[in-house]
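K.L.:
File entry26.txt follows (compact mmCIF, C-alpha atoms and all ligand atoms):
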# COMPACT_ATOMS: atom_id res chain seq x y z
CA LEU D 261 73.16 26.47 26.38
CA ASN D 262 72.71 25.59 30.03
CA ARG D 263 74.04 22.48 31.71
CA ARG D 264 70.63 20.84 31.86
CA LEU D 265 70.48 20.68 28.06
CA THR D 266 74.05 20.36 26.77
CA GLU D 267 74.05 16.56 26.89
CA PHE D 268 71.13 16.38 24.46
CA GLY D 269 72.57 18.13 21.38
CA THR D 270 70.42 18.05 18.23
CA THR D 271 67.62 15.49 18.11
CA ILE D 272 68.38 12.41 16.09
CA PHE D 273 65.23 13.01 14.03
CA ALA D 274 66.45 16.35 12.73
CA GLU D 275 69.93 14.96 12.09
CA MET D 276 68.70 11.92 10.18
CA SER D 277 66.01 13.76 8.17
CA ALA D 278 68.63 16.32 7.12
CA LEU D 279 70.91 13.46 6.09
CA ALA D 280 68.08 11.95 4.02
CA VAL D 281 67.50 15.25 2.21
CA ARG D 282 71.23 15.84 1.65
CA THR D 283 71.82 12.38 0.18
CA GLY D 284 68.45 12.02 -1.57
CA SER D 285 67.82 8.85 0.44
CA ILE D 286 64.57 7.13 1.37
CA ASN D 287 63.80 8.38 4.87
CA LEU D 288 62.76 5.51 7.13
CA GLY D 289 64.28 7.40 10.07
CA GLN D 290 61.93 10.05 11.43
CA GLY D 291 58.43 8.69 11.98
CA PHE D 292 56.05 10.64 9.80
CA PRO D 293 53.71 9.35 7.09
CA ASP D 294 54.41 10.24 3.45
CA THR D 295 50.67 10.42 2.75
CA ASP D 296 48.60 13.11 4.45
CA GLY D 297 45.59 12.18 6.59
CA PRO D 298 41.94 12.18 5.43
CA GLU D 299 40.98 14.83 2.92
CA GLU D 300 37.68 15.50 4.69
CA ILE D 301 39.61 16.38 7.84
CA ARG D 302 41.99 18.68 5.95
CA GLU D 303 38.91 20.29 4.38
CA ALA D 304 37.43 20.74 7.85
CA ALA D 305 40.53 22.75 8.80
CA VAL D 306 40.11 24.91 5.69
CA ARG D 307 36.46 25.49 6.55
CA ALA D 308 37.37 26.49 10.10
CA LEU D 309 39.97 28.94 8.80
CA ARG D 310 37.51 30.48 6.33
CA ALA D 311 34.73 30.69 8.89
CA GLY D 312 37.03 32.42 11.34
CA HIS D 313 36.89 29.58 13.86
CA GLY D 314 40.03 29.71 15.93
CA ASN D 315 41.96 32.37 14.01
CA GLN D 316 42.33 34.33 17.24
CA TYR D 317 43.55 32.88 20.54
CA PRO D 318 41.28 29.96 21.37
CA PRO D 319 40.40 29.18 25.01
CA GLY D 320 43.33 28.05 27.17
CA PRO D 321 41.98 24.55 27.84
CA GLY D 322 41.22 24.05 24.14
CA VAL D 323 38.04 24.69 22.13
CA PRO D 324 34.97 23.05 23.72
CA GLU D 325 34.23 21.12 20.50
CA LEU D 326 37.57 19.31 20.72
CA ARG D 327 37.43 18.74 24.46
CA THR D 328 33.99 17.15 24.02
CA ALA D 329 35.22 15.03 21.11
CA VAL D 330 38.15 13.79 23.23
CA THR D 331 35.77 12.67 25.99
CA GLU D 332 33.52 10.94 23.42
CA HIS D 333 36.58 9.17 22.02
CA GLN D 334 37.66 7.91 25.48
CA ARG D 335 34.13 6.65 26.15
CA ARG D 336 33.65 5.04 22.74
CA HIS D 337 36.96 3.21 22.59
CA TYR D 338 37.65 2.48 26.26
CA GLY D 339 34.51 3.14 28.32
CA LEU D 340 36.34 5.89 30.24
CA GLU D 341 34.31 8.89 31.39
CA TYR D 342 35.86 12.37 31.53
CA ASP D 343 34.32 15.80 32.00
CA PRO D 344 35.16 17.97 28.97
CA ASP D 345 35.20 21.12 31.12
CA THR D 346 37.52 20.01 33.89
CA GLU D 347 39.29 16.83 32.81
CA VAL D 348 40.68 17.59 29.33
CA LEU D 349 43.47 19.91 28.23
CA VAL D 350 44.40 20.50 24.59
CA THR D 351 48.15 20.81 24.00
CA THR D 352 50.57 21.53 21.18
CA GLY D 353 51.11 17.88 20.35
CA ALA D 354 51.93 15.10 22.74
CA THR D 355 55.37 16.67 23.06
CA GLU D 356 53.99 19.68 24.91
CA ALA D 357 51.64 17.46 26.90
CA VAL D 358 54.60 15.47 28.25
CA ALA D 359 56.69 18.60 28.82
CA ALA D 360 53.93 20.50 30.63
CA SER D 361 53.06 17.46 32.75
CA LEU D 362 56.64 17.02 33.92
CA LEU D 363 57.16 20.75 34.50
CA ALA D 364 53.95 20.90 36.50
CA LEU D 365 54.29 17.76 38.58
CA LEU D 366 57.99 17.42 39.45
CA GLU D 367 59.95 19.05 42.23
CA PRO D 368 63.68 19.42 41.63
CA GLY D 369 65.38 16.13 42.50
CA ASP D 370 62.26 14.00 42.08
CA GLU D 371 62.95 10.71 40.36
CA VAL D 372 61.07 9.72 37.22
CA ILE D 373 61.01 6.11 36.09
CA ALA D 374 60.94 5.79 32.31
CA LEU D 375 61.02 2.73 30.08
CA GLU D 376 64.33 2.58 28.23
CA PRO D 377 64.81 2.87 25.27
CA TYR D 378 62.72 6.04 25.49
CA TYR D 379 61.40 8.63 23.11
CA ASP D 380 64.04 11.33 23.03
CA SER D 381 62.04 14.25 24.40
CA TYR D 382 61.44 12.44 27.70
CA ALA D 383 65.00 12.68 28.94
CA ALA D 384 65.30 16.33 27.94
CA CYS D 385 61.96 17.27 29.54
CA ILE D 386 62.78 15.45 32.79
CA ALA D 387 66.05 17.41 32.84
CA MET D 388 64.34 20.75 32.11
CA ALA D 389 61.94 20.05 34.97
CA GLY D 390 64.91 19.42 37.29
CA GLY D 391 64.01 15.76 37.74
CA THR D 392 66.27 12.73 37.73
CA ARG D 393 65.57 9.99 35.24
CA VAL D 394 65.68 6.40 36.34
CA PRO D 395 65.59 4.07 33.34
CA VAL D 396 64.04 0.64 33.47
CA THR D 397 65.31 -1.21 30.43
CA LEU D 398 63.04 -3.21 28.14
CA ARG D 399 65.07 -6.24 27.11
CA PRO D 400 64.94 -8.14 23.85
CA ASP D 401 63.78 -11.67 24.49
CA ASP D 402 62.63 -14.23 21.96
CA GLY D 403 61.70 -11.74 19.24
CA ALA D 404 60.12 -9.04 21.44
CA TYR D 405 61.09 -6.46 24.04
CA ARG D 406 59.55 -7.01 27.46
CA LEU D 407 59.31 -5.12 30.72
CA ASP D 408 60.87 -6.86 33.72
CA LEU D 409 58.39 -6.18 36.51
CA ASP D 410 60.90 -6.97 39.26
CA GLU D 411 63.28 -4.40 37.81
CA LEU D 412 60.46 -1.89 37.70
CA ARG D 413 59.57 -2.50 41.34
CA ALA D 414 63.22 -2.31 42.35
CA ALA D 415 63.59 1.07 40.64
CA VAL D 416 61.12 2.78 42.99
CA THR D 417 62.77 4.73 45.84
CA PRO D 418 61.41 7.18 48.40
CA ARG D 419 62.28 9.95 45.92
CA THR D 420 60.25 8.47 43.04
CA ARG D 421 57.44 10.82 42.11
CA LEU D 422 56.28 9.60 38.77
CA ILE D 423 56.38 6.82 36.19
CA LEU D 424 56.55 7.99 32.58
CA LEU D 425 55.01 5.16 30.59
CA ASN D 426 54.66 4.69 26.84
CA THR D 427 52.47 2.02 25.25
CA PRO D 428 52.45 1.15 22.37
CA HIS D 429 56.15 1.79 22.78
CA ASN D 430 58.47 3.80 20.55
CA PRO D 431 60.97 2.54 19.37
CA THR D 432 60.48 -1.16 20.24
CA GLY D 433 56.85 -1.59 19.13
CA THR D 434 56.01 -3.36 22.40
CA VAL D 435 52.39 -3.18 23.52
CA LEU D 436 52.19 -3.66 27.27
CA THR D 437 49.84 -6.51 28.22
CA ARG D 438 46.96 -6.35 30.66
CA ASP D 439 49.08 -8.16 33.27
CA GLU D 440 52.01 -5.79 32.84
CA LEU D 441 49.77 -2.75 33.08
CA ALA D 442 48.00 -4.19 36.12
CA ALA D 443 51.39 -4.60 37.79
CA VAL D 444 52.32 -0.98 36.98
CA ALA D 445 48.97 0.13 38.40
CA THR D 446 49.41 -1.87 41.60
CA LEU D 447 52.90 -0.45 42.07
CA ALA D 448 51.72 3.12 41.49
CA CYS D 449 48.92 2.72 44.03
CA GLU D 450 51.11 0.97 46.64
CA ARG D 451 53.89 3.54 46.38
CA ASP D 452 51.59 6.51 45.79
CA LEU D 453 53.08 7.48 42.42
CA LEU D 454 51.70 9.54 39.58
CA VAL D 455 51.84 8.14 36.06
CA VAL D 456 52.13 10.08 32.83
CA THR D 457 51.24 7.62 30.08
CA ASP D 458 52.03 8.46 26.46
CA GLU D 459 49.49 6.63 24.31
CA VAL D 460 49.98 8.40 20.97
CA TYR D 461 50.09 5.04 19.13
CA GLU D 462 46.84 3.86 20.75
CA HIS D 463 45.22 3.08 17.38
CA LEU D 464 48.28 1.40 15.85
CA VAL D 465 48.06 -2.02 17.49
CA PHE D 466 48.41 -5.15 15.37
CA GLU D 467 48.70 -7.82 18.07
CA GLY D 468 46.92 -7.77 21.42
CA GLU D 469 45.01 -4.65 22.41
CA HIS D 470 45.68 -1.18 23.70
CA ILE D 471 44.44 -0.81 27.26
CA PRO D 472 44.71 2.68 28.76
CA LEU D 473 46.44 2.62 32.12
CA ALA D 474 43.74 4.95 33.46
CA SER D 475 41.20 2.13 33.17
CA PHE D 476 42.81 0.10 35.99
CA PRO D 477 41.43 0.34 39.54
CA GLY D 478 42.82 3.29 41.48
CA MET D 479 44.54 4.77 38.41
CA ARG D 480 42.08 7.32 37.10
CA GLU D 481 42.95 9.85 39.79
CA ARG D 482 46.74 9.41 39.53
CA THR D 483 47.18 9.14 35.75
CA VAL D 484 47.75 11.79 33.11
CA THR D 485 46.89 10.17 29.76
CA VAL D 486 48.57 11.76 26.75
CA SER D 487 47.62 11.38 23.11
CA SER D 488 47.63 13.39 19.91
CA ALA D 489 46.25 13.63 16.39
CA GLY D 490 49.61 13.24 14.66
CA LYS D 491 49.81 9.44 14.40
CA THR D 492 46.13 8.55 14.47
CA PHE D 493 45.22 10.88 11.62
CA SER D 494 48.54 11.07 9.73
CA LEU D 495 48.79 14.80 10.37
CA THR D 496 52.02 15.12 12.31
CA GLY D 497 52.51 18.77 11.33
CA TRP D 498 49.31 19.95 12.97
CA LYS D 499 50.65 19.46 16.50
CA ILE D 500 47.32 19.03 18.25
CA GLY D 501 47.51 16.82 21.34
CA TRP D 502 45.61 16.45 24.59
CA ILE D 503 45.62 15.04 28.06
CA THR D 504 42.81 13.49 30.05
CA ALA D 505 43.18 13.40 33.84
CA SER D 506 41.49 14.35 37.11
CA PRO D 507 40.55 18.03 37.55
CA GLU D 508 43.47 18.51 39.99
CA LEU D 509 46.02 17.11 37.56
CA VAL D 510 44.56 18.96 34.55
CA THR D 511 44.69 22.22 36.51
CA ALA D 512 48.31 21.58 37.41
CA VAL D 513 49.37 20.76 33.85
CA ARG D 514 47.47 23.78 32.56
CA SER D 515 49.44 26.00 34.93
CA ALA D 516 52.59 24.98 33.07
CA LYS D 517 51.04 24.93 29.60
CA GLN D 518 49.78 28.52 29.89
CA PHE D 519 53.37 29.76 30.10
CA LEU D 520 54.75 27.46 27.42
CA THR D 521 52.40 28.07 24.49
CA TYR D 522 49.37 29.63 26.23
CA VAL D 523 47.04 28.02 23.66
CA SER D 524 47.32 25.64 20.69
CA GLY D 525 46.51 26.05 16.95
CA GLY D 526 42.85 27.19 16.74
CA PRO D 527 41.45 26.05 13.37
CA PHE D 528 43.16 22.65 13.59
CA GLN D 529 41.37 21.95 16.85
CA TYR D 530 37.98 22.06 15.13
CA ALA D 531 39.15 19.69 12.42
CA VAL D 532 40.63 17.25 14.94
CA ALA D 533 37.25 17.21 16.75
CA ASP D 534 35.74 15.93 13.48
CA ALA D 535 38.58 13.44 13.06
CA LEU D 536 38.02 11.89 16.49
CA ARG D 537 34.41 11.24 15.47
CA LEU D 538 35.31 9.34 12.29
CA PRO D 539 33.59 5.93 12.10
CA ASP D 540 35.30 2.74 13.26
CA SER D 541 36.01 1.91 9.61
CA TYR D 542 38.58 4.74 9.53
CA PHE D 543 40.52 3.38 12.51
CA ASP D 544 40.29 -0.21 11.19
CA ALA D 545 41.56 0.80 7.74
CA LEU D 546 44.49 2.75 9.23
CA ARG D 547 45.52 -0.24 11.31
CA GLU D 548 45.18 -2.76 8.48
CA ASP D 549 47.12 -0.54 6.06
CA LEU D 550 49.95 -0.25 8.55
CA ARG D 551 49.81 -3.95 9.40
CA ALA D 552 50.44 -4.79 5.73
CA LYS D 553 53.32 -2.31 5.67
CA ARG D 554 54.78 -3.74 8.85
CA ASP D 555 54.66 -7.20 7.30
CA LEU D 556 56.24 -5.99 4.07
CA LEU D 557 59.11 -4.20 5.78
CA SER D 558 59.68 -6.92 8.40
CA ALA D 559 59.88 -9.63 5.75
CA GLY D 560 62.13 -7.48 3.57
CA LEU D 561 64.51 -6.67 6.41
CA THR D 562 64.68 -10.34 7.37
CA GLU D 563 65.54 -11.24 3.78
CA ALA D 564 68.15 -8.49 3.76
CA GLY D 565 69.84 -10.20 6.69
CA PHE D 566 68.64 -8.20 9.70
CA GLU D 567 67.23 -9.84 12.80
CA VAL D 568 63.78 -8.28 13.12
CA TYR D 569 61.79 -7.57 16.29
CA GLU D 570 58.36 -7.55 14.74
CA PRO D 571 56.37 -4.80 16.49
CA ALA D 572 52.94 -5.47 18.05
CA GLY D 573 52.19 -1.75 17.67
CA THR D 574 53.47 1.69 16.49
CA TYR D 575 54.91 2.24 13.03
CA PHE D 576 58.50 1.32 13.83
CA VAL D 577 60.43 -1.90 13.53
CA THR D 578 63.59 -2.46 15.55
CA THR D 579 66.30 -4.63 14.04
CA ASP D 580 69.55 -6.18 15.23
CA ILE D 581 72.39 -5.54 12.76
CA ARG D 582 74.80 -8.12 14.13
CA PRO D 583 73.81 -10.83 11.60
CA LEU D 584 75.14 -8.38 8.97
CA GLY D 585 78.50 -8.36 10.71
CA GLU D 586 77.86 -4.89 12.18
CA THR D 587 77.92 -3.91 15.85
CA ASP D 588 77.64 -0.11 15.96
CA GLY D 589 74.19 1.21 15.02
CA PHE D 590 75.42 4.81 14.97
CA ALA D 591 78.16 4.11 12.46
CA PHE D 592 75.81 1.89 10.48
CA CYS D 593 73.11 4.60 10.22
CA ARG D 594 75.60 7.32 9.33
CA ALA D 595 76.99 5.15 6.51
CA LEU D 596 73.70 3.68 5.28
CA PRO D 597 72.71 6.56 2.95
CA GLU D 598 76.01 6.32 1.09
CA ARG D 599 75.92 2.55 1.03
CA CYS D 600 72.36 2.09 -0.21
CA GLY D 601 70.29 5.29 -0.09
CA VAL D 602 68.20 4.53 3.00
CA VAL D 603 68.03 6.40 6.31
CA ALA D 604 67.29 4.72 9.66
CA VAL D 605 67.74 5.70 13.32
CA PRO D 606 70.22 4.11 15.78
CA ASN D 607 68.33 2.93 18.87
CA ALA D 608 71.33 3.79 21.08
CA VAL D 609 70.14 7.42 21.19
CA PHE D 610 67.09 6.26 23.15
CA TYR D 611 69.22 4.78 25.96
CA ASP D 612 71.12 6.00 28.99
CA HIS D 613 72.90 2.67 28.86
CA ARG D 614 74.01 3.26 25.28
CA GLU D 615 75.80 -0.07 25.05
CA GLN D 616 72.43 -1.80 25.51
CA GLY D 617 71.15 -0.19 22.34
CA ALA D 618 74.36 -0.27 20.28
CA PRO D 619 73.56 -2.99 17.71
CA PHE D 620 69.91 -1.98 17.19
CA VAL D 621 68.48 0.17 14.42
CA ARG D 622 64.92 1.43 13.92
CA PHE D 623 63.07 1.68 10.60
CA ALA D 624 59.71 3.47 10.14
CA PHE D 625 57.10 1.79 7.91
CA CYS D 626 54.52 4.64 7.72
CA LYS D 627 55.46 5.09 4.05
CA ARG D 628 53.88 4.28 0.69
CA THR D 629 54.12 0.65 -0.37
CA ASP D 630 56.24 1.48 -3.42
CA VAL D 631 58.64 3.42 -1.20
CA LEU D 632 58.97 0.50 1.23
CA THR D 633 59.46 -1.93 -1.65
CA GLU D 634 62.23 0.22 -3.11
CA ALA D 635 63.86 0.59 0.33
CA VAL D 636 63.83 -3.18 0.81
CA SER D 637 65.39 -3.77 -2.58
CA ARG D 638 68.16 -1.28 -1.75
CA LEU D 639 68.76 -2.85 1.67
CA LYS D 640 69.07 -6.31 0.11
CA GLY D 641 72.12 -4.99 -1.74
CA LEU D 642 73.97 -4.54 1.56
CA ARG D 643 75.25 -8.09 1.73
N1 LIG G 1 55.41 10.44 22.06
C1 LIG G 1 55.91 9.47 21.29
C2 LIG G 1 56.12 8.11 21.87
C3 LIG G 1 56.23 9.73 19.96
O1 LIG G 1 56.73 8.76 19.20
C4 LIG G 1 56.02 11.02 19.46
C5 LIG G 1 56.46 11.31 18.05
N2 LIG G 1 55.53 11.70 17.27
C6 LIG G 1 55.49 12.00 20.28
C7 LIG G 1 55.21 11.68 21.60
C8 LIG G 1 55.24 13.39 19.83
O2 LIG G 1 53.94 13.57 19.40
P1 LIG G 1 53.44 14.97 18.81
O3 LIG G 1 53.92 15.05 17.42
O4 LIG G 1 51.96 14.89 18.93
O5 LIG G 1 54.02 16.04 19.66
N1 LIG G 2 57.85 10.48 16.81
C1 LIG G 2 58.60 10.44 15.60
C2 LIG G 2 59.72 9.46 15.74
O1 LIG G 2 59.92 8.86 16.76
C3 LIG G 2 59.14 11.79 15.18
C4 LIG G 2 59.25 12.76 16.26
C5 LIG G 2 60.12 13.94 16.01
O2 LIG G 2 60.56 14.24 14.90
N2 LIG G 2 60.38 14.65 17.05
O3 LIG G 2 60.41 9.28 14.78
Using structure tokens, write down the structure from this file.

P.N.:
Amino acid sequence: LNRRLTEFGTTIFAEMSALAVRTGSINLGQGFPDTDGPEEIREAAVRALRAGHGNQYPPGPGVPELRTAVTEHQRRHYGLEYDPDTEVLVTTGATEAVAASLLALLEPGDEVIALEPYYDSYAACIAMAGGTRVPVTLRPDDGAYRLDLDELRAAVTPRTRLILLNTPHNPTGTVLTRDELAAVATLACERDLLVVTDEVYEHLVFEGEHIPLASFPGMRERTVTVSSAGKTFSLTGWKIGWITASPELVTAVRSAKQFLTYVSGGPFQYAVADALRLPDSYFDALREDLRAKRDLLSAGLTEAGFEVYEPAGTYFVTTDIRPLGETDGFAFCRALPERCGVVAVPNAVFYDHREQGAPFVRFAFCKRTDVLTEAVSRLKGLR
């Protein structure tokens, strides 16, 4: 393994899911739903397979049906206009979208500002692209994690090329506000920066609203917006994602994507096009279901003695374990399966400044209600 990658080891998600299987624990670690997405959408994939739609290499930019559906989705939910032929690229999940964007847009030595704690693939992809990551730490304050705009501004140097944003934010559940996003936009315009914004949790917002960064003045032409079907349609194994951006940026990202995967899963693309056109009632029901689960798990964790940072979005809740007399989230998560049969993820893995994340632990609530209830009852036995 080369020096760019040795520091990253095995992802925490693989480690913790393996631990859950080995110990027969309830897995609230890795974020994936335990109920598959809509049957009609799974049937649409079967129909596409049977009809021979996408069984051979689909077009590099993605099938036209999906590219059109992505542009309809951006118009319907946000009033953003994109050209399906030149301003959309289908990718193998948001993971490839982020990787291809960084590989395409960074020169070796370019600095990338990312919100810490960050999703674990960001650091590895910045490293693979030869970039230097510059974390700006979201700090817990009065029950929520917030972005310090002065720290963000101070992090920009002449070598900064790009801001890698994520809202709603994994793992903290923070949804950046209109004012915060406006400040990011102003900074990007003033300092002539690109922004790659990971909005995979765009439909999982319980408080406030999701506002795409690309909708701010001056941002459309400098923003690569990333999303995917995994979270919105509870189909994380399908690995269909996309970007929307200017023709220049889409062309650049496609240059990298063509040598990573060339194209992405054909039949699934047709089914995801149908999914994006589901009525508003689908998106509302998804959000309300997860809101109830967030409330259930947050209340249960509080009763079990954790300090809870109730998330405004995503399907993760971050907790502080110090009220339980614990200080090391790593040790706590490694011992938790033996102690009570539950798996969680230590937030420290999402930090460069590991000490900042040490006493924090993330639980996923995208699970069946009976599973969450059982997990809570087990966790209450900790004290
Ligand atoms: N970005 C964030 C913030 C995530 O939490 C995840 C995890 N699903 C991804 C990207 C990866 O998305 P995908 O499965 O579509 O590659
Ligand atoms: N996004 C999910 C999480 O944060 C899982 C991603 C993964 O397994 N790579 O838990």

K.L.:
Neighbours of ligand LIG 1 (chain G) at 7 Å or closer, counting only C-alpha atoms and all ligand atoms: which residues, as an NGL selection string?

P.N.:
:D and (291 or 352-356 or 379 or 426 or 429-430 or 458 or 460 or 487-491 or 496 or 499-501)

K.L.:
Sort by chain and increasing residue number a table of all residues of chain D within 10 Å of ligand LIG 2 (chain G), each with its closest pair of atoms and their distance in Å to one decimal, counting all atoms listed in the file, and write it as CSV.

P.N.:
residue,atom,partner,partner_atom,distance
D:Thr271,CA,G:LIG2,N2,7.4
D:Ile272,CA,G:LIG2,O2,8.1
D:Phe273,CA,G:LIG2,O2,4.9
D:Ala274,CA,G:LIG2,O2,6.6
D:Glu275,CA,G:LIG2,O2,9.8
D:Met276,CA,G:LIG2,O2,9.7
D:Ser277,CA,G:LIG2,O2,8.7
D:Leu288,CA,G:LIG2,O3,8.8
D:Gly289,CA,G:LIG2,O3,6.4
D:Gln290,CA,G:LIG2,O3,3.8
D:Gly291,CA,G:LIG2,O3,3.5
D:Phe292,CA,G:LIG2,C3,6.3
D:Pro293,CA,G:LIG2,C1,9.9
D:Ala354,CA,G:LIG2,N1,9.6
D:Thr355,CA,G:LIG2,N2,8.1
D:Tyr378,CA,G:LIG2,O1,9.6
D:Tyr379,CA,G:LIG2,O1,6.5
D:Asp380,CA,G:LIG2,N2,7.8
D:Ser381,CA,G:LIG2,N2,7.5
D:Asn430,CA,G:LIG2,O1,6.5
D:Pro431,CA,G:LIG2,O1,6.9
D:Val460,CA,G:LIG2,N1,9.1
D:Tyr461,CA,G:LIG2,N1,9.8
D:Gly490,CA,G:LIG2,N1,9.0
D:Lys491,CA,G:LIG2,N1,8.5
D:Thr496,CA,G:LIG2,C3,8.4
D:Gly497,CA,G:LIG2,O2,9.9
D:Thr574,CA,G:LIG2,O1,9.6
D:Tyr575,CA,G:LIG2,C2,9.1
D:Phe576,CA,G:LIG2,O1,8.2
D:Ala604,CA,G:LIG2,O3,9.7
D:Val605,CA,G:LIG2,O3,8.3
D:Phe610,CA,G:LIG2,O1,9.9
D:Arg622,CA,G:LIG2,O3,9.1
D:Phe623,CA,G:LIG2,O3,9.1
D:Ala624,CA,G:LIG2,O3,7.5

K.L.:
D:Asp410, D:Gly433, D:Asp612, D:Arg547: which is nearest Phe268 in chain D, counting only C-alpha atoms?

P.N.:
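Among the listed residues, the smallest separation from Phe268 in chain D belongs to D:Asp612.
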
K.L.:
Anything within 6 Å of (47.1, 11.8, 8.7): list those residues as a count of residues only, counting only C-alpha atoms and sticking to the file's coordinates.

P.N.:
5

K.L.:
Please work out which residues fall within 8 Å of (42.0, 18.8, 27.4), coordinates as given in the file, with all atoms listed in the file counting, and return them as a short mmCIF file (atom, residue, chain, number, x, y, z; two decimals) with C-alpha atoms, in the frame of the given file.

P.N.:
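Written output follows (out_20.cif):
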data_model
loop_
_atom_site.label_atom_id
_atom_site.label_comp_id
_atom_site.auth_asym_id
_atom_site.auth_seq_id
_atom_site.Cartn_x
_atom_site.Cartn_y
_atom_site.Cartn_z
CA PRO D 321 41.98 24.55 27.84
CA GLY D 322 41.22 24.05 24.14
CA ARG D 327 37.43 18.74 24.46
CA VAL D 330 38.15 13.79 23.23
CA PRO D 344 35.16 17.97 28.97
CA THR D 346 37.52 20.01 33.89
CA GLU D 347 39.29 16.83 32.81
CA VAL D 348 40.68 17.59 29.33
CA LEU D 349 43.47 19.91 28.23
CA VAL D 350 44.40 20.50 24.59
CA THR D 351 48.15 20.81 24.00
CA TRP D 502 45.61 16.45 24.59
CA ILE D 503 45.62 15.04 28.06
CA THR D 504 42.81 13.49 30.05
CA VAL D 510 44.56 18.96 34.55
#

K.L.:
Quick one, how far is CA of Glu267 in chain D from CA of Ile286 in chain D?

P.N.:
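Separating CA of Glu267 in chain D from CA of Ile286 in chain D is a distance of 28.8 Å.
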
K.L.:
Using only C-alpha atoms, can you tell me which of D:Tyr611, D:Tyr317, D:Tyr338, D:Tyr542 comes closest to Ser475 in chain D?

P.N.:
D:Tyr338
